[in-house]
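Chemist: File query-v1.cif below, mmCIF, N, CA and C atoms:
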```
data_upload
loop_
_atom_site.label_atom_id
_atom_site.label_comp_id
_atom_site.auth_asym_id
_atom_site.auth_seq_id
_atom_site.Cartn_x
_atom_site.Cartn_y
_atom_site.Cartn_z
N MET I 1212 -11.14 -11.55 11.97
CA MET I 1212 -12.25 -10.94 11.27
C MET I 1212 -13.52 -11.76 11.52
N SER I 1213 -14.58 -11.08 11.49
CA SER I 1213 -15.86 -11.70 11.78
C SER I 1213 -16.33 -12.57 10.61
N SER I 1214 -16.58 -13.83 10.90
CA SER I 1214 -17.10 -14.71 9.85
C SER I 1214 -18.63 -14.64 9.81
N GLU I 1215 -19.22 -13.86 10.74
CA GLU I 1215 -20.67 -13.74 10.78
C GLU I 1215 -21.22 -13.04 9.56
N HIS I 1216 -20.44 -12.12 9.00
CA HIS I 1216 -20.93 -11.31 7.89
C HIS I 1216 -19.94 -11.42 6.73
N LEU I 1217 -20.27 -12.21 5.73
CA LEU I 1217 -19.41 -12.36 4.56
C LEU I 1217 -19.84 -11.37 3.49
N LEU I 1218 -18.86 -10.75 2.86
CA LEU I 1218 -19.11 -9.82 1.78
C LEU I 1218 -18.69 -10.48 0.47
N GLU I 1219 -19.56 -10.48 -0.49
CA GLU I 1219 -19.21 -11.05 -1.79
C GLU I 1219 -18.54 -10.00 -2.65
N VAL I 1220 -17.43 -10.38 -3.26
CA VAL I 1220 -16.72 -9.52 -4.21
C VAL I 1220 -17.14 -10.00 -5.59
N LEU I 1221 -17.75 -9.10 -6.35
CA LEU I 1221 -18.28 -9.46 -7.67
C LEU I 1221 -17.41 -8.90 -8.78
N ASN I 1222 -17.27 -9.68 -9.84
CA ASN I 1222 -16.68 -9.18 -11.07
C ASN I 1222 -17.74 -8.27 -11.69
N PRO I 1223 -17.45 -6.97 -11.85
CA PRO I 1223 -18.49 -6.06 -12.34
C PRO I 1223 -18.90 -6.33 -13.78
N ALA I 1224 -18.06 -7.01 -14.54
CA ALA I 1224 -18.39 -7.28 -15.94
C ALA I 1224 -19.33 -8.48 -16.08
N THR I 1225 -19.15 -9.47 -15.20
CA THR I 1225 -19.92 -10.72 -15.34
C THR I 1225 -20.85 -11.00 -14.16
N GLU I 1226 -20.66 -10.24 -13.07
CA GLU I 1226 -21.37 -10.45 -11.81
C GLU I 1226 -21.03 -11.80 -11.17
N GLU I 1227 -19.99 -12.44 -11.65
CA GLU I 1227 -19.48 -13.67 -11.03
C GLU I 1227 -18.92 -13.32 -9.66
N VAL I 1228 -19.14 -14.20 -8.67
CA VAL I 1228 -18.56 -14.00 -7.35
C VAL I 1228 -17.08 -14.38 -7.44
N VAL I 1229 -16.22 -13.40 -7.21
CA VAL I 1229 -14.77 -13.61 -7.27
C VAL I 1229 -14.28 -14.19 -5.96
N ALA I 1230 -14.83 -13.70 -4.85
CA ALA I 1230 -14.43 -14.15 -3.53
C ALA I 1230 -15.48 -13.74 -2.53
N ALA I 1231 -15.44 -14.36 -1.37
CA ALA I 1231 -16.24 -13.94 -0.23
C ALA I 1231 -15.25 -13.62 0.88
N VAL I 1232 -15.35 -12.43 1.42
CA VAL I 1232 -14.43 -12.00 2.46
C VAL I 1232 -15.21 -11.65 3.71
N ALA I 1233 -14.58 -11.88 4.85
CA ALA I 1233 -15.23 -11.60 6.12
C ALA I 1233 -15.33 -10.09 6.34
N GLY I 1234 -16.48 -9.66 6.76
CA GLY I 1234 -16.65 -8.26 7.14
C GLY I 1234 -15.97 -8.02 8.48
N ALA I 1235 -15.55 -6.80 8.71
CA ALA I 1235 -14.88 -6.46 9.95
C ALA I 1235 -15.84 -5.75 10.89
N SER I 1236 -15.85 -6.20 12.12
CA SER I 1236 -16.64 -5.53 13.15
C SER I 1236 -15.82 -4.37 13.71
N PRO I 1237 -16.44 -3.49 14.47
CA PRO I 1237 -15.65 -2.43 15.12
C PRO I 1237 -14.52 -3.00 15.99
N ALA I 1238 -14.79 -4.11 16.66
CA ALA I 1238 -13.74 -4.74 17.49
C ALA I 1238 -12.60 -5.26 16.61
N ASP I 1239 -12.92 -5.78 15.44
CA ASP I 1239 -11.88 -6.24 14.50
C ASP I 1239 -11.01 -5.07 14.07
N VAL I 1240 -11.64 -3.93 13.78
CA VAL I 1240 -10.89 -2.75 13.35
C VAL I 1240 -9.99 -2.27 14.48
N ASP I 1241 -10.52 -2.23 15.71
CA ASP I 1241 -9.70 -1.81 16.85
C ASP I 1241 -8.51 -2.73 17.03
N ALA I 1242 -8.72 -4.03 16.90
CA ALA I 1242 -7.62 -4.99 17.05
C ALA I 1242 -6.59 -4.80 15.95
N ALA I 1243 -7.04 -4.56 14.73
CA ALA I 1243 -6.11 -4.35 13.61
C ALA I 1243 -5.28 -3.09 13.83
N VAL I 1244 -5.90 -2.02 14.30
CA VAL I 1244 -5.17 -0.77 14.54
C VAL I 1244 -4.16 -0.97 15.67
N THR I 1245 -4.54 -1.66 16.73
CA THR I 1245 -3.61 -1.95 17.83
C THR I 1245 -2.41 -2.74 17.33
N HIS I 1246 -2.67 -3.76 16.54
CA HIS I 1246 -1.59 -4.58 15.98
C HIS I 1246 -0.70 -3.74 15.07
N ALA I 1247 -1.32 -2.92 14.23
CA ALA I 1247 -0.55 -2.09 13.31
C ALA I 1247 0.30 -1.07 14.07
N ALA I 1248 -0.22 -0.52 15.15
CA ALA I 1248 0.56 0.45 15.94
C ALA I 1248 1.79 -0.22 16.54
N ARG I 1249 1.65 -1.45 17.02
CA ARG I 1249 2.82 -2.18 17.56
C ARG I 1249 3.83 -2.43 16.43
N ALA I 1250 3.34 -2.87 15.28
CA ALA I 1250 4.23 -3.15 14.15
C ALA I 1250 4.90 -1.87 13.67
N GLN I 1251 4.19 -0.75 13.70
CA GLN I 1251 4.77 0.52 13.24
C GLN I 1251 5.94 0.94 14.12
N ARG I 1252 5.85 0.70 15.42
CA ARG I 1252 6.97 1.06 16.30
C ARG I 1252 8.22 0.27 15.94
N VAL I 1253 8.03 -1.00 15.60
CA VAL I 1253 9.16 -1.83 15.17
C VAL I 1253 9.71 -1.29 13.84
N TRP I 1254 8.81 -0.97 12.91
CA TRP I 1254 9.21 -0.44 11.59
C TRP I 1254 9.99 0.86 11.76
N ALA I 1255 9.47 1.78 12.58
CA ALA I 1255 10.11 3.08 12.76
C ALA I 1255 11.48 2.95 13.43
N ALA I 1256 11.66 1.90 14.24
CA ALA I 1256 12.93 1.70 14.94
C ALA I 1256 14.01 1.13 14.01
N LEU I 1257 13.61 0.60 12.86
CA LEU I 1257 14.60 0.08 11.91
C LEU I 1257 15.43 1.22 11.35
N ALA I 1258 16.66 0.91 11.02
CA ALA I 1258 17.50 1.90 10.34
C ALA I 1258 16.86 2.22 8.99
N PRO I 1259 16.95 3.47 8.55
CA PRO I 1259 16.35 3.84 7.26
C PRO I 1259 16.79 2.91 6.12
N GLY I 1260 18.05 2.52 6.10
CA GLY I 1260 18.53 1.63 5.05
C GLY I 1260 17.85 0.27 5.09
N ASP I 1261 17.53 -0.21 6.29
CA ASP I 1261 16.82 -1.49 6.41
C ASP I 1261 15.37 -1.36 5.92
N ARG I 1262 14.73 -0.22 6.24
CA ARG I 1262 13.37 -0.01 5.71
C ARG I 1262 13.41 0.03 4.19
N ALA I 1263 14.42 0.70 3.64
CA ALA I 1263 14.55 0.78 2.17
C ALA I 1263 14.73 -0.61 1.57
N ARG I 1264 15.56 -1.42 2.20
CA ARG I 1264 15.82 -2.77 1.69
C ARG I 1264 14.52 -3.58 1.69
N LEU I 1265 13.73 -3.46 2.76
CA LEU I 1265 12.48 -4.21 2.84
C LEU I 1265 11.45 -3.71 1.82
N LEU I 1266 11.39 -2.40 1.60
CA LEU I 1266 10.49 -1.88 0.57
C LEU I 1266 10.91 -2.35 -0.81
N ARG I 1267 12.21 -2.38 -1.06
CA ARG I 1267 12.68 -2.88 -2.36
C ARG I 1267 12.38 -4.36 -2.53
N ARG I 1268 12.47 -5.13 -1.45
CA ARG I 1268 12.12 -6.55 -1.52
C ARG I 1268 10.64 -6.71 -1.83
N PHE I 1269 9.80 -5.86 -1.21
CA PHE I 1269 8.38 -5.87 -1.49
C PHE I 1269 8.12 -5.52 -2.96
N ALA I 1270 8.82 -4.50 -3.46
CA ALA I 1270 8.68 -4.11 -4.86
C ALA I 1270 9.06 -5.27 -5.79
N ALA I 1271 10.11 -5.99 -5.46
CA ALA I 1271 10.54 -7.14 -6.28
C ALA I 1271 9.48 -8.24 -6.26
N THR I 1272 8.85 -8.44 -5.11
CA THR I 1272 7.79 -9.45 -5.02
C THR I 1272 6.59 -9.04 -5.86
N VAL I 1273 6.22 -7.77 -5.80
CA VAL I 1273 5.13 -7.28 -6.66
C VAL I 1273 5.50 -7.50 -8.12
N ASP I 1274 6.74 -7.19 -8.48
CA ASP I 1274 7.19 -7.36 -9.86
C ASP I 1274 7.07 -8.81 -10.31
N GLN I 1275 7.39 -9.74 -9.42
CA GLN I 1275 7.31 -11.17 -9.76
C GLN I 1275 5.86 -11.62 -9.98
N HIS I 1276 4.92 -10.85 -9.44
CA HIS I 1276 3.50 -11.24 -9.52
C HIS I 1276 2.66 -10.23 -10.30
N LEU I 1277 3.29 -9.44 -11.16
CA LEU I 1277 2.56 -8.39 -11.89
C LEU I 1277 1.36 -8.94 -12.65
N GLU I 1278 1.56 -10.00 -13.40
CA GLU I 1278 0.47 -10.52 -14.22
C GLU I 1278 -0.66 -11.07 -13.35
N GLU I 1279 -0.30 -11.76 -12.28
CA GLU I 1279 -1.32 -12.27 -11.36
C GLU I 1279 -2.11 -11.12 -10.73
N LEU I 1280 -1.42 -10.09 -10.28
CA LEU I 1280 -2.09 -8.93 -9.69
C LEU I 1280 -2.98 -8.24 -10.72
N ALA I 1281 -2.49 -8.11 -11.94
CA ALA I 1281 -3.27 -7.47 -13.00
C ALA I 1281 -4.55 -8.27 -13.27
N ARG I 1282 -4.43 -9.56 -13.36
CA ARG I 1282 -5.61 -10.40 -13.65
C ARG I 1282 -6.63 -10.34 -12.50
N LEU I 1283 -6.13 -10.27 -11.27
CA LEU I 1283 -7.04 -10.10 -10.13
C LEU I 1283 -7.76 -8.75 -10.22
N GLU I 1284 -7.03 -7.73 -10.63
CA GLU I 1284 -7.61 -6.39 -10.77
C GLU I 1284 -8.69 -6.39 -11.86
N VAL I 1285 -8.47 -7.13 -12.93
CA VAL I 1285 -9.47 -7.24 -13.99
C VAL I 1285 -10.74 -7.88 -13.43
N ARG I 1286 -10.58 -8.96 -12.68
CA ARG I 1286 -11.74 -9.68 -12.15
C ARG I 1286 -12.46 -8.89 -11.06
N GLU I 1287 -11.69 -8.21 -10.21
CA GLU I 1287 -12.30 -7.55 -9.06
C GLU I 1287 -12.83 -6.16 -9.40
N ALA I 1288 -12.12 -5.44 -10.27
CA ALA I 1288 -12.50 -4.05 -10.53
C ALA I 1288 -13.02 -3.83 -11.95
N GLY I 1289 -12.93 -4.84 -12.80
CA GLY I 1289 -13.43 -4.71 -14.15
C GLY I 1289 -12.55 -3.89 -15.06
N HIS I 1290 -11.29 -3.73 -14.70
CA HIS I 1290 -10.38 -2.93 -15.52
C HIS I 1290 -9.92 -3.69 -16.74
N LEU I 1291 -9.53 -2.97 -17.76
CA LEU I 1291 -8.91 -3.58 -18.93
C LEU I 1291 -7.55 -4.11 -18.53
N ILE I 1292 -7.11 -5.19 -19.15
CA ILE I 1292 -5.86 -5.83 -18.74
C ILE I 1292 -4.67 -4.87 -18.87
N GLY I 1293 -4.63 -4.05 -19.90
CA GLY I 1293 -3.52 -3.10 -20.04
C GLY I 1293 -3.48 -2.10 -18.90
N ASN I 1294 -4.65 -1.59 -18.52
CA ASN I 1294 -4.71 -0.66 -17.40
C ASN I 1294 -4.30 -1.36 -16.10
N ALA I 1295 -4.77 -2.58 -15.92
CA ALA I 1295 -4.46 -3.32 -14.70
C ALA I 1295 -2.96 -3.62 -14.61
N ARG I 1296 -2.34 -3.90 -15.73
CA ARG I 1296 -0.88 -4.12 -15.71
C ARG I 1296 -0.16 -2.83 -15.33
N TRP I 1297 -0.64 -1.70 -15.85
CA TRP I 1297 -0.04 -0.42 -15.47
C TRP I 1297 -0.18 -0.21 -13.96
N GLU I 1298 -1.37 -0.50 -13.41
CA GLU I 1298 -1.61 -0.30 -11.98
C GLU I 1298 -0.67 -1.14 -11.14
N ALA I 1299 -0.52 -2.41 -11.48
CA ALA I 1299 0.39 -3.27 -10.73
C ALA I 1299 1.82 -2.76 -10.84
N GLY I 1300 2.21 -2.34 -12.03
CA GLY I 1300 3.54 -1.77 -12.20
C GLY I 1300 3.72 -0.47 -11.43
N ASN I 1301 2.66 0.30 -11.32
CA ASN I 1301 2.71 1.54 -10.54
C ASN I 1301 2.97 1.24 -9.07
N VAL I 1302 2.37 0.18 -8.55
CA VAL I 1302 2.62 -0.22 -7.16
C VAL I 1302 4.10 -0.55 -6.98
N ARG I 1303 4.64 -1.35 -7.88
CA ARG I 1303 6.06 -1.70 -7.83
C ARG I 1303 6.92 -0.44 -7.87
N ASP I 1304 6.62 0.46 -8.80
CA ASP I 1304 7.41 1.67 -8.96
C ASP I 1304 7.31 2.57 -7.73
N LEU I 1305 6.13 2.66 -7.15
CA LEU I 1305 5.96 3.48 -5.96
C LEU I 1305 6.77 2.93 -4.79
N LEU I 1306 6.77 1.61 -4.63
CA LEU I 1306 7.57 1.00 -3.56
C LEU I 1306 9.05 1.29 -3.76
N ASP I 1307 9.51 1.18 -5.00
CA ASP I 1307 10.91 1.51 -5.29
C ASP I 1307 11.19 2.98 -5.00
N TYR I 1308 10.28 3.86 -5.38
CA TYR I 1308 10.44 5.29 -5.12
C TYR I 1308 10.51 5.56 -3.62
N ALA I 1309 9.59 4.95 -2.86
CA ALA I 1309 9.58 5.15 -1.41
C ALA I 1309 10.87 4.63 -0.78
N ALA I 1310 11.37 3.51 -1.29
CA ALA I 1310 12.63 2.97 -0.77
C ALA I 1310 13.77 3.94 -1.02
N GLY I 1311 13.72 4.64 -2.13
CA GLY I 1311 14.77 5.61 -2.45
C GLY I 1311 14.72 6.85 -1.59
N GLY I 1312 13.67 6.99 -0.81
CA GLY I 1312 13.56 8.14 0.08
C GLY I 1312 14.71 8.23 1.06
N VAL I 1313 15.32 7.11 1.40
CA VAL I 1313 16.46 7.12 2.32
C VAL I 1313 17.57 8.01 1.78
N GLU I 1314 17.77 7.96 0.46
CA GLU I 1314 18.81 8.79 -0.14
C GLU I 1314 18.42 10.26 -0.15
N ARG I 1315 17.13 10.55 0.07
CA ARG I 1315 16.65 11.93 0.05
C ARG I 1315 16.34 12.47 1.44
N LEU I 1316 16.72 11.74 2.49
CA LEU I 1316 16.43 12.17 3.86
C LEU I 1316 17.41 13.25 4.31
N THR I 1317 17.27 14.40 3.75
CA THR I 1317 18.17 15.49 4.10
C THR I 1317 17.54 16.45 5.10
N GLY I 1318 16.25 16.36 5.32
CA GLY I 1318 15.58 17.30 6.21
C GLY I 1318 15.54 18.68 5.59
N ARG I 1319 14.95 19.61 6.26
CA ARG I 1319 14.88 20.99 5.78
C ARG I 1319 15.26 21.90 6.93
N GLN I 1320 16.06 22.87 6.64
CA GLN I 1320 16.45 23.85 7.64
C GLN I 1320 15.94 25.21 7.20
N ILE I 1321 15.21 25.84 8.09
CA ILE I 1321 14.65 27.16 7.78
C ILE I 1321 15.15 28.12 8.86
N PRO I 1322 15.88 29.15 8.48
CA PRO I 1322 16.31 30.13 9.49
C PRO I 1322 15.10 30.82 10.11
N VAL I 1323 15.07 30.87 11.43
CA VAL I 1323 14.02 31.57 12.16
C VAL I 1323 14.71 32.46 13.20
N PRO I 1324 14.03 33.47 13.67
CA PRO I 1324 14.66 34.35 14.67
C PRO I 1324 15.18 33.54 15.86
N GLY I 1325 16.44 33.70 16.17
CA GLY I 1325 17.03 33.04 17.34
C GLY I 1325 17.44 31.60 17.12
N GLY I 1326 17.41 31.11 15.90
CA GLY I 1326 17.83 29.72 15.72
C GLY I 1326 17.48 29.16 14.36
N LEU I 1327 17.20 27.88 14.37
CA LEU I 1327 16.95 27.15 13.14
C LEU I 1327 15.75 26.24 13.35
N ASN I 1328 14.87 26.19 12.40
CA ASN I 1328 13.75 25.26 12.43
C ASN I 1328 14.15 24.09 11.55
N VAL I 1329 14.18 22.88 12.10
CA VAL I 1329 14.62 21.70 11.36
C VAL I 1329 13.45 20.73 11.22
N THR I 1330 13.23 20.26 9.99
CA THR I 1330 12.21 19.26 9.72
C THR I 1330 12.90 17.92 9.52
N ILE I 1331 12.45 16.92 10.25
CA ILE I 1331 13.00 15.58 10.13
C ILE I 1331 11.89 14.68 9.59
N LEU I 1332 12.17 13.96 8.52
CA LEU I 1332 11.19 13.06 7.93
C LEU I 1332 11.28 11.70 8.60
N GLU I 1333 10.14 11.16 8.99
CA GLU I 1333 10.10 9.85 9.63
C GLU I 1333 8.77 9.19 9.30
N PRO I 1334 8.65 7.85 9.54
CA PRO I 1334 7.39 7.18 9.25
C PRO I 1334 6.23 7.83 9.98
N LEU I 1335 5.08 7.91 9.30
CA LEU I 1335 3.91 8.59 9.86
C LEU I 1335 3.26 7.83 11.00
N GLY I 1336 3.17 6.53 10.87
CA GLY I 1336 2.41 5.75 11.83
C GLY I 1336 1.30 5.03 11.11
N VAL I 1337 0.31 4.63 11.85
CA VAL I 1337 -0.80 3.86 11.30
C VAL I 1337 -1.69 4.78 10.47
N VAL I 1338 -2.04 4.34 9.28
CA VAL I 1338 -2.95 5.08 8.42
C VAL I 1338 -4.09 4.16 8.01
N GLY I 1339 -5.23 4.74 7.76
CA GLY I 1339 -6.35 4.00 7.21
C GLY I 1339 -6.54 4.45 5.76
N VAL I 1340 -6.65 3.51 4.86
CA VAL I 1340 -6.79 3.84 3.44
C VAL I 1340 -8.06 3.19 2.92
N ILE I 1341 -8.91 4.00 2.34
CA ILE I 1341 -10.09 3.47 1.66
C ILE I 1341 -9.76 3.51 0.18
N ALA I 1342 -9.62 2.34 -0.42
CA ALA I 1342 -9.24 2.24 -1.82
C ALA I 1342 -10.51 2.05 -2.66
N PRO I 1343 -10.91 3.07 -3.40
CA PRO I 1343 -12.13 2.97 -4.18
C PRO I 1343 -11.96 2.03 -5.38
N TRP I 1344 -13.04 1.83 -6.07
CA TRP I 1344 -13.08 0.88 -7.17
C TRP I 1344 -12.19 1.28 -8.34
N ASN I 1345 -11.94 2.57 -8.54
CA ASN I 1345 -11.31 2.98 -9.79
C ASN I 1345 -9.81 2.66 -9.86
N PHE I 1346 -9.08 2.75 -8.76
CA PHE I 1346 -7.65 2.42 -8.75
C PHE I 1346 -7.27 1.77 -7.43
N PRO I 1347 -7.83 0.63 -7.09
CA PRO I 1347 -7.59 0.07 -5.76
C PRO I 1347 -6.12 -0.26 -5.47
N LEU I 1348 -5.42 -0.84 -6.42
CA LEU I 1348 -4.01 -1.18 -6.15
C LEU I 1348 -3.15 0.07 -5.94
N PRO I 1349 -3.12 1.02 -6.88
CA PRO I 1349 -2.27 2.19 -6.66
C PRO I 1349 -2.66 3.01 -5.46
N ILE I 1350 -3.95 3.20 -5.22
CA ILE I 1350 -4.36 4.06 -4.11
C ILE I 1350 -3.97 3.42 -2.78
N ALA I 1351 -4.11 2.12 -2.65
CA ALA I 1351 -3.67 1.45 -1.43
C ALA I 1351 -2.16 1.65 -1.24
N ALA I 1352 -1.40 1.56 -2.32
CA ALA I 1352 0.05 1.75 -2.24
C ALA I 1352 0.40 3.21 -1.95
N TRP I 1353 -0.32 4.16 -2.56
CA TRP I 1353 -0.05 5.58 -2.32
C TRP I 1353 -0.24 5.90 -0.85
N GLY I 1354 -1.22 5.29 -0.23
CA GLY I 1354 -1.52 5.60 1.17
C GLY I 1354 -0.63 4.90 2.17
N THR I 1355 0.10 3.89 1.73
CA THR I 1355 0.87 3.11 2.71
C THR I 1355 2.37 3.13 2.47
N ALA I 1356 2.81 3.19 1.23
CA ALA I 1356 4.27 3.11 0.97
C ALA I 1356 4.98 4.37 1.40
#
```
Written as structure tokens, how would this file's structure read?
Modeler:
Amino acid sequence: MSSEHLLEVLNPATEEVVAAVAGASPADVDAAVTHAARAQRVWAALAPGDRARLLRRFAATVDQHLEELARLEVREAGHLIGNARWEAGNVRDLLDYAAGGVERLTGRQIPVPGGLNVTILEPLGVVGVIAPWNFPLPIAAWGTA
């Protein structure tokens, strides 16, 4: 990431600088997408059960850090602590739900003239998610899990 342009993250309640993060140049974005595309091929090649296991491990890690994530959400987005705890818990729950998708990978069969139309569910690939201020943790998880 480009260190030429630092972006300050402000606590909206106090205007305190929470962090300074490097802005991304177009070249940084291209490099990140290239890296993510390589990683996605590895992810997609994993057995569905292995992807589920890794998502559940991620969910457990989020669960271990719920309070820390909630407090960061309060400082970064100005949310009330109760709402922020719900958001962090929602991320954990969504990861667990996505992991359970392996048990629901039945596909869909639709009779069509001369045969069968079959839908197979598989990882989408690289996605870009813009997480707005109102629910940054859940929206990032909704777009990626």
Chemist: Report as an mmCIF file with N, CA and C atoms, keeping the file's coordinate frame all protein, DNA and RNA residues lying within 6 Å of region 1239-1251 of chain I, evaluated on only N, CA and C atoms, omitting residues in the same chain fewer than 4 positions from it.
Modeler:
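For reference, out.cif as written:
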```cif
data_model
loop_
_atom_site.group_PDB
_atom_site.id
_atom_site.type_symbol
_atom_site.label_atom_id
_atom_site.label_comp_id
_atom_site.auth_asym_id
_atom_site.auth_seq_id
_atom_site.Cartn_x
_atom_site.Cartn_y
_atom_site.Cartn_z
ATOM 1 N N MET I 1212 -11.140 -11.550 11.970
ATOM 2 C CA MET I 1212 -12.250 -10.940 11.270
ATOM 3 C C MET I 1212 -13.520 -11.760 11.520
ATOM 4 N N ALA I 1235 -15.550 -6.800 8.710
ATOM 5 C CA ALA I 1235 -14.880 -6.460 9.950
ATOM 6 C C ALA I 1235 -15.840 -5.750 10.890
ATOM 7 N N ALA I 1255 9.470 1.780 12.580
ATOM 8 C CA ALA I 1255 10.110 3.080 12.760
ATOM 9 C C ALA I 1255 11.480 2.950 13.430
ATOM 10 N N ALA I 1256 11.660 1.900 14.240
ATOM 11 C CA ALA I 1256 12.930 1.700 14.940
ATOM 12 C C ALA I 1256 14.010 1.130 14.010
ATOM 13 N N GLY I 1336 3.170 6.530 10.870
ATOM 14 C CA GLY I 1336 2.410 5.750 11.830
ATOM 15 C C GLY I 1336 1.300 5.030 11.110
ATOM 16 N N VAL I 1337 0.310 4.630 11.850
ATOM 17 C CA VAL I 1337 -0.800 3.860 11.300
ATOM 18 C C VAL I 1337 -1.690 4.780 10.470
#
```
Chemist: Run through the PyMOL selection byres (((chain I and resi 1292-1303 and name CA) around 9) and name CA) on the given coordinates and return the selected residues as a tab-separated table (two decimals) with N, CA and C atoms, in the coordinates of the input.
Modeler:
```tsv
chain	number	residue	atom	x	y	z
I	1267	ARG	N	12.21	-2.38	-1.06
I	1267	ARG	CA	12.68	-2.88	-2.36
I	1267	ARG	C	12.38	-4.36	-2.53
I	1269	PHE	N	9.80	-5.86	-1.21
I	1269	PHE	CA	8.38	-5.87	-1.49
I	1269	PHE	C	8.12	-5.52	-2.96
I	1270	ALA	N	8.82	-4.50	-3.46
I	1270	ALA	CA	8.68	-4.11	-4.86
I	1270	ALA	C	9.06	-5.27	-5.79
I	1271	ALA	N	10.11	-5.99	-5.46
I	1271	ALA	CA	10.54	-7.14	-6.28
I	1271	ALA	C	9.48	-8.24	-6.26
I	1272	THR	N	8.85	-8.44	-5.11
I	1272	THR	CA	7.79	-9.45	-5.02
I	1272	THR	C	6.59	-9.04	-5.86
I	1273	VAL	N	6.22	-7.77	-5.80
I	1273	VAL	CA	5.13	-7.28	-6.66
I	1273	VAL	C	5.50	-7.50	-8.12
I	1274	ASP	N	6.74	-7.19	-8.48
I	1274	ASP	CA	7.19	-7.36	-9.86
I	1274	ASP	C	7.07	-8.81	-10.31
I	1276	HIS	N	4.92	-10.85	-9.44
I	1276	HIS	CA	3.50	-11.24	-9.52
I	1276	HIS	C	2.66	-10.23	-10.30
I	1277	LEU	N	3.29	-9.44	-11.16
I	1277	LEU	CA	2.56	-8.39	-11.89
I	1277	LEU	C	1.36	-8.94	-12.65
I	1278	GLU	N	1.56	-10.00	-13.40
I	1278	GLU	CA	0.47	-10.52	-14.22
I	1278	GLU	C	-0.66	-11.07	-13.35
I	1280	LEU	N	-1.42	-10.09	-10.28
I	1280	LEU	CA	-2.09	-8.93	-9.69
I	1280	LEU	C	-2.98	-8.24	-10.72
I	1281	ALA	N	-2.49	-8.11	-11.94
I	1281	ALA	CA	-3.27	-7.47	-13.00
I	1281	ALA	C	-4.55	-8.27	-13.27
I	1282	ARG	N	-4.43	-9.56	-13.36
I	1282	ARG	CA	-5.61	-10.40	-13.65
I	1282	ARG	C	-6.63	-10.34	-12.50
I	1283	LEU	N	-6.13	-10.27	-11.27
I	1283	LEU	CA	-7.04	-10.10	-10.13
I	1283	LEU	C	-7.76	-8.75	-10.22
I	1284	GLU	N	-7.03	-7.73	-10.63
I	1284	GLU	CA	-7.61	-6.39	-10.77
I	1284	GLU	C	-8.69	-6.39	-11.86
I	1285	VAL	N	-8.47	-7.13	-12.93
I	1285	VAL	CA	-9.47	-7.24	-13.99
I	1285	VAL	C	-10.74	-7.88	-13.43
I	1289	GLY	N	-12.93	-4.84	-12.80
I	1289	GLY	CA	-13.43	-4.71	-14.15
I	1289	GLY	C	-12.55	-3.89	-15.06
I	1290	HIS	N	-11.29	-3.73	-14.70
I	1290	HIS	CA	-10.38	-2.93	-15.52
I	1290	HIS	C	-9.92	-3.69	-16.74
I	1291	LEU	N	-9.53	-2.97	-17.76
I	1291	LEU	CA	-8.91	-3.58	-18.93
I	1291	LEU	C	-7.55	-4.11	-18.53
I	1304	ASP	N	6.62	0.46	-8.80
I	1304	ASP	CA	7.41	1.67	-8.96
I	1304	ASP	C	7.31	2.57	-7.73
I	1305	LEU	N	6.13	2.66	-7.15
I	1305	LEU	CA	5.96	3.48	-5.96
I	1305	LEU	C	6.77	2.93	-4.79
I	1306	LEU	N	6.77	1.61	-4.63
I	1306	LEU	CA	7.57	1.00	-3.56
I	1306	LEU	C	9.05	1.29	-3.76
I	1307	ASP	N	9.51	1.18	-5.00
I	1307	ASP	CA	10.91	1.51	-5.29
I	1307	ASP	C	11.19	2.98	-5.00
I	1308	TYR	N	10.28	3.86	-5.38
I	1308	TYR	CA	10.44	5.29	-5.12
I	1308	TYR	C	10.51	5.56	-3.62
I	1346	PHE	N	-9.08	2.75	-8.76
I	1346	PHE	CA	-7.65	2.42	-8.75
I	1346	PHE	C	-7.27	1.77	-7.43
I	1347	PRO	N	-7.83	0.63	-7.09
I	1347	PRO	CA	-7.59	0.07	-5.76
I	1347	PRO	C	-6.12	-0.26	-5.47
I	1348	LEU	N	-5.42	-0.84	-6.42
I	1348	LEU	CA	-4.01	-1.18	-6.15
I	1348	LEU	C	-3.15	0.07	-5.94
I	1349	PRO	N	-3.12	1.02	-6.88
I	1349	PRO	CA	-2.27	2.19	-6.66
I	1349	PRO	C	-2.66	3.01	-5.46
I	1350	ILE	N	-3.95	3.20	-5.22
I	1350	ILE	CA	-4.36	4.06	-4.11
I	1350	ILE	C	-3.97	3.42	-2.78
I	1351	ALA	N	-4.11	2.12	-2.65
I	1351	ALA	CA	-3.67	1.45	-1.43
I	1351	ALA	C	-2.16	1.65	-1.24
I	1352	ALA	N	-1.40	1.56	-2.32
I	1352	ALA	CA	0.05	1.75	-2.24
I	1352	ALA	C	0.40	3.21	-1.95
I	1353	TRP	N	-0.32	4.16	-2.56
I	1353	TRP	CA	-0.05	5.58	-2.32
I	1353	TRP	C	-0.24	5.90	-0.85
I	1356	ALA	N	2.81	3.19	1.23
I	1356	ALA	CA	4.27	3.11	0.97
I	1356	ALA	C	4.98	4.37	1.40
```
Chemist: For Arg1286 (chain I), which residue among I:Pro1237, I:Gly1311, I:Pro1334, I:Pro1223 is the nearest when counting only N, CA and C atoms?
Modeler: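 Distance minimum relative to Arg1286 (chain I) lands on I:Pro1223.
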Chemist: Taking into account only C-alpha atoms, which residue in the set I:Ile1321, I:Ala1288, I:Leu1265, I:Val1253 is nearest to Glu1227 (chain I)?
Modeler: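 Of I:Ile1321, I:Ala1288, I:Leu1265, I:Val1253, the one nearest Glu1227 (chain I) is I:Ala1288, counting only C-alpha atoms.
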Chemist: Enumerate, as a PyMOL selection string, the complete set of residues in chain I that a backbone-based DSSP assignment places in alpha helix (DSSP H).
Modeler: chain I and resi 1237-1256+1259-1275+1277-1288+1292-1310+1347-1355
Chemist: I'd like the contact shell of Val1229 (chain I) - 6.5 Å cut-off, only N, CA and C atoms, skipping same-chain residues fewer than 4 positions apart - returned as a PyMOL selection string.
Modeler: chain I and resi 1219-1222+1286
Chemist: So the first atom is CA of Gly1260 (chain I) and the second is atom C of Thr1330 (chain I); what is the distance between them in Å, to one decimal place?
Modeler: 17.8 Å
